[in-house]
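**Q** Before I ask anything, here is the structure I am working with.
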Amino acid sequence: MKSGRQRRAEIMSRRNAKRAANLVKNKYLKGVSVANQYGRQHGSVPVNPANLSPNNSYGIPEFVKRGFYADLPFTCKQCGTPQIWTAQQQHWWYELAKGDVWTIAVLCRPCRIKESERKALARKIHLEGLLRKRQLSNNNLSQEIIANKQLMMQL
Ligand SMILES: [Zn+2]
């Protein structure tokens, strides 16, 4: 006869094995490696160099040499708030958004949003200016055509 403790240990180990097998199966189905899952839990994510944007530099970035992304503390250049650029965010930036491998985060999220709004506004003003200029020159052109027509009618 087994003791309650022994029986419990057996049940737990069976349950753990089943859970691990399910984890492997689910991750395999989703196309995400178990290593990636492990990395997410421990603040690091493996680097897949094939997904990085190509560059002409002879150097190899630190994270590529290391083989995984790790949470990176930094200070926002705009507001000076201490921030963490997470391994997940780095993975997204370098491998999915195809960001330059030599760039790192310099702005916190609120400052980045403000900065992109500022850029969008500047672009809008610039485009409106161009449009106004074109309309003006179009007006000048049509006035010129009318003047030419009138001149020809006089001849
Ligand atoms: Zn900031």
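Scheme for the structure tokens: letters A, B, ... for chains in order shown; per-chain residue numbers from 1; ligand numbers from 1 in order shown.
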List every residue of chain A that has an atom at most 10 Å from any atom of ligand 1, and for each one report the closest atom pair and its distance in Å to one decimal, counting only C-alpha atoms and all ligand atoms, with rows sorted by chain and then by increasing residue number, as CSV.
**A**
```
residue,atom,partner,partner_atom_place_in_ligand_line,distance
A:Thr75,CA,ligand 1,1 (Zn),8.0
A:Cys76,CA,ligand 1,1 (Zn),4.6
A:Lys77,CA,ligand 1,1 (Zn),6.6
A:Gln78,CA,ligand 1,1 (Zn),4.9
A:Cys79,CA,ligand 1,1 (Zn),4.1
A:Gly80,CA,ligand 1,1 (Zn),6.1
A:Thr81,CA,ligand 1,1 (Zn),5.8
A:Pro82,CA,ligand 1,1 (Zn),8.5
A:Gln83,CA,ligand 1,1 (Zn),8.6
A:Val106,CA,ligand 1,1 (Zn),8.5
A:Leu107,CA,ligand 1,1 (Zn),5.3
A:Cys108,CA,ligand 1,1 (Zn),4.2
A:Arg109,CA,ligand 1,1 (Zn),6.7
A:Pro110,CA,ligand 1,1 (Zn),6.0
A:Cys111,CA,ligand 1,1 (Zn),4.4
A:Arg112,CA,ligand 1,1 (Zn),7.3
A:Ile113,CA,ligand 1,1 (Zn),9.5
A:Lys114,CA,ligand 1,1 (Zn),9.2
A:Glu115,CA,ligand 1,1 (Zn),9.8
```
**Q** Could you dump the residues just selected with C-alpha atoms as a tab-separated table (two decimals), in the first residue's frame?
**A**
```tsv
chain	number	residue	atom	x	y	z
A	75	THR	CA	16.15	56.69	-19.97
A	76	CYS	CA	13.66	58.51	-22.20
A	77	LYS	CA	15.52	61.19	-24.16
A	78	GLN	CA	12.52	63.52	-24.00
A	79	CYS	CA	11.11	63.34	-20.46
A	80	GLY	CA	13.94	61.54	-18.61
A	81	THR	CA	11.74	58.73	-17.26
A	82	PRO	CA	13.55	55.42	-16.62
A	83	GLN	CA	12.14	52.77	-18.96
A	106	VAL	CA	15.30	56.27	-26.96
A	107	LEU	CA	11.75	57.49	-26.20
A	108	CYS	CA	9.15	56.17	-23.77
A	109	ARG	CA	5.74	55.21	-25.18
A	110	PRO	CA	3.87	58.48	-24.39
A	111	CYS	CA	6.75	60.54	-25.84
A	112	ARG	CA	6.87	58.31	-28.92
A	113	ILE	CA	3.15	58.84	-29.51
A	114	LYS	CA	3.54	62.61	-29.07
A	115	GLU	CA	6.51	62.59	-31.45
```
**Q** Fewer than 5 positions away in the same chain doesn't count, so skip those; otherwise give me all residues within 7 Å of Ala70 in chain A, counting only C-alpha atoms, as number ranges by chain.
**A** A: 43-45, 86-87
**Q** Please, what distance in Å, to one decimal, runs between CA of Phe68 in chain A and CA of Lys18 in chain A?
**A**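 Computing the Euclidean distance for CA of Phe68 in chain A and CA of Lys18 in chain A yields 28.0 Å.
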**Q** Write out as JSON lines the residues of range 66-143 of chain A that have any atom within 8 Å of an atom of range 52-61 of chain A, one row each with the nearest atom pair and its distance in Å to one decimal, counting only C-alpha atoms, sorted by chain and then rising number.
**A**
```
{"residue": "A:Tyr94", "atom": "CA", "partner": "A:Leu52", "partner_atom": "CA", "distance": 5.8}
{"residue": "A:Glu95", "atom": "CA", "partner": "A:Leu52", "partner_atom": "CA", "distance": 5.1}
{"residue": "A:Lys98", "atom": "CA", "partner": "A:Ser53", "partner_atom": "CA", "distance": 5.1}
{"residue": "A:Gly99", "atom": "CA", "partner": "A:Ser53", "partner_atom": "CA", "distance": 6.7}
{"residue": "A:Asp100", "atom": "CA", "partner": "A:Ser53", "partner_atom": "CA", "distance": 6.4}
{"residue": "A:Val101", "atom": "CA", "partner": "A:Pro61", "partner_atom": "CA", "distance": 6.9}
{"residue": "A:Trp102", "atom": "CA", "partner": "A:Pro61", "partner_atom": "CA", "distance": 6.8}
```
**Q** Taking N, CA and C atoms for each residue, export the selection above as a PDB file, in the first residue's frame.
**A**
```
ATOM      1  N   TYR A  94      13.091  44.514 -34.359  1.00  0.00           N
ATOM      2  CA  TYR A  94      14.147  44.057 -35.273  1.00  0.00           C
ATOM      3  C   TYR A  94      13.648  43.015 -36.283  1.00  0.00           C
ATOM      4  N   GLU A  95      12.773  42.106 -35.840  1.00  0.00           N
ATOM      5  CA  GLU A  95      12.439  40.984 -36.720  1.00  0.00           C
ATOM      6  C   GLU A  95      11.109  41.130 -37.457  1.00  0.00           C
ATOM      7  N   LYS A  98      11.272  45.120 -38.938  1.00  0.00           N
ATOM      8  CA  LYS A  98      12.510  45.211 -39.734  1.00  0.00           C
ATOM      9  C   LYS A  98      13.261  46.511 -39.455  1.00  0.00           C
ATOM     10  N   GLY A  99      13.293  46.892 -38.182  1.00  0.00           N
ATOM     11  CA  GLY A  99      14.042  48.078 -37.781  1.00  0.00           C
ATOM     12  C   GLY A  99      15.541  47.848 -37.949  1.00  0.00           C
ATOM     13  N   ASP A 100      16.287  48.937 -38.173  1.00  0.00           N
ATOM     14  CA  ASP A 100      17.741  48.855 -38.311  1.00  0.00           C
ATOM     15  C   ASP A 100      18.338  48.193 -37.060  1.00  0.00           C
ATOM     16  N   VAL A 101      19.259  47.238 -37.265  1.00  0.00           N
ATOM     17  CA  VAL A 101      19.808  46.482 -36.133  1.00  0.00           C
ATOM     18  C   VAL A 101      20.674  47.334 -35.204  1.00  0.00           C
ATOM     19  N   TRP A 102      21.061  48.530 -35.685  1.00  0.00           N
ATOM     20  CA  TRP A 102      21.892  49.389 -34.838  1.00  0.00           C
ATOM     21  C   TRP A 102      21.060  50.420 -34.072  1.00  0.00           C
TER      22      TRP A 102
END
```
**Q** To one decimal in Å, tell me the separation between CA of Pro46 in chain A and CA of Leu72 in chain A.
**A**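 Distance reported for this atom pair: 14.6 Å.
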**Q** Expressed in Å to a single decimal, how great is the separation between CA of Val47 in chain A and CA of Ala105 in chain A?
**A**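 Pair CA of Val47 in chain A / CA of Ala105 in chain A returns 17.3 Å.
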**Q** What lies within 8 Å of Gly67 in chain A using only C-alpha atoms, ignoring chain neighbours under 2 positions off, as a PDB file with N, CA and C atoms, in the first residue's frame?
**A**
```
ATOM      1  N   PRO A  46      14.853  34.369 -28.045  1.00  0.00           N
ATOM      2  CA  PRO A  46      15.936  34.043 -28.970  1.00  0.00           C
ATOM      3  C   PRO A  46      15.908  34.909 -30.231  1.00  0.00           C
ATOM      4  N   VAL A  47      17.094  35.194 -30.756  1.00  0.00           N
ATOM      5  CA  VAL A  47      17.224  35.982 -31.978  1.00  0.00           C
ATOM      6  C   VAL A  47      17.235  35.032 -33.167  1.00  0.00           C
ATOM      7  N   ASN A  48      16.441  35.355 -34.202  1.00  0.00           N
ATOM      8  CA  ASN A  48      16.536  34.611 -35.451  1.00  0.00           C
ATOM      9  C   ASN A  48      17.163  35.534 -36.490  1.00  0.00           C
ATOM     10  N   PHE A  63      23.260  41.909 -29.382  1.00  0.00           N
ATOM     11  CA  PHE A  63      22.174  40.945 -29.159  1.00  0.00           C
ATOM     12  C   PHE A  63      22.253  39.762 -30.126  1.00  0.00           C
ATOM     13  N   VAL A  64      22.840  39.994 -31.311  1.00  0.00           N
ATOM     14  CA  VAL A  64      22.988  38.896 -32.283  1.00  0.00           C
ATOM     15  C   VAL A  64      24.079  37.944 -31.800  1.00  0.00           C
ATOM     16  N   LYS A  65      25.199  38.520 -31.301  1.00  0.00           N
ATOM     17  CA  LYS A  65      26.291  37.701 -30.756  1.00  0.00           C
ATOM     18  C   LYS A  65      25.792  36.866 -29.591  1.00  0.00           C
ATOM     19  N   TYR A  69      17.337  38.250 -27.087  1.00  0.00           N
ATOM     20  CA  TYR A  69      17.003  39.603 -26.660  1.00  0.00           C
ATOM     21  C   TYR A  69      16.801  39.586 -25.155  1.00  0.00           C
TER      22      TYR A  69
END
```
**Q** When DSSP is applied to the backbone of this structure, which of range 52-125 of chain A are assigned helix (DSSP H, G or I)? Write them out as an NGL selection string.
**A** :A and (62-66 or 87-96 or 109-125)
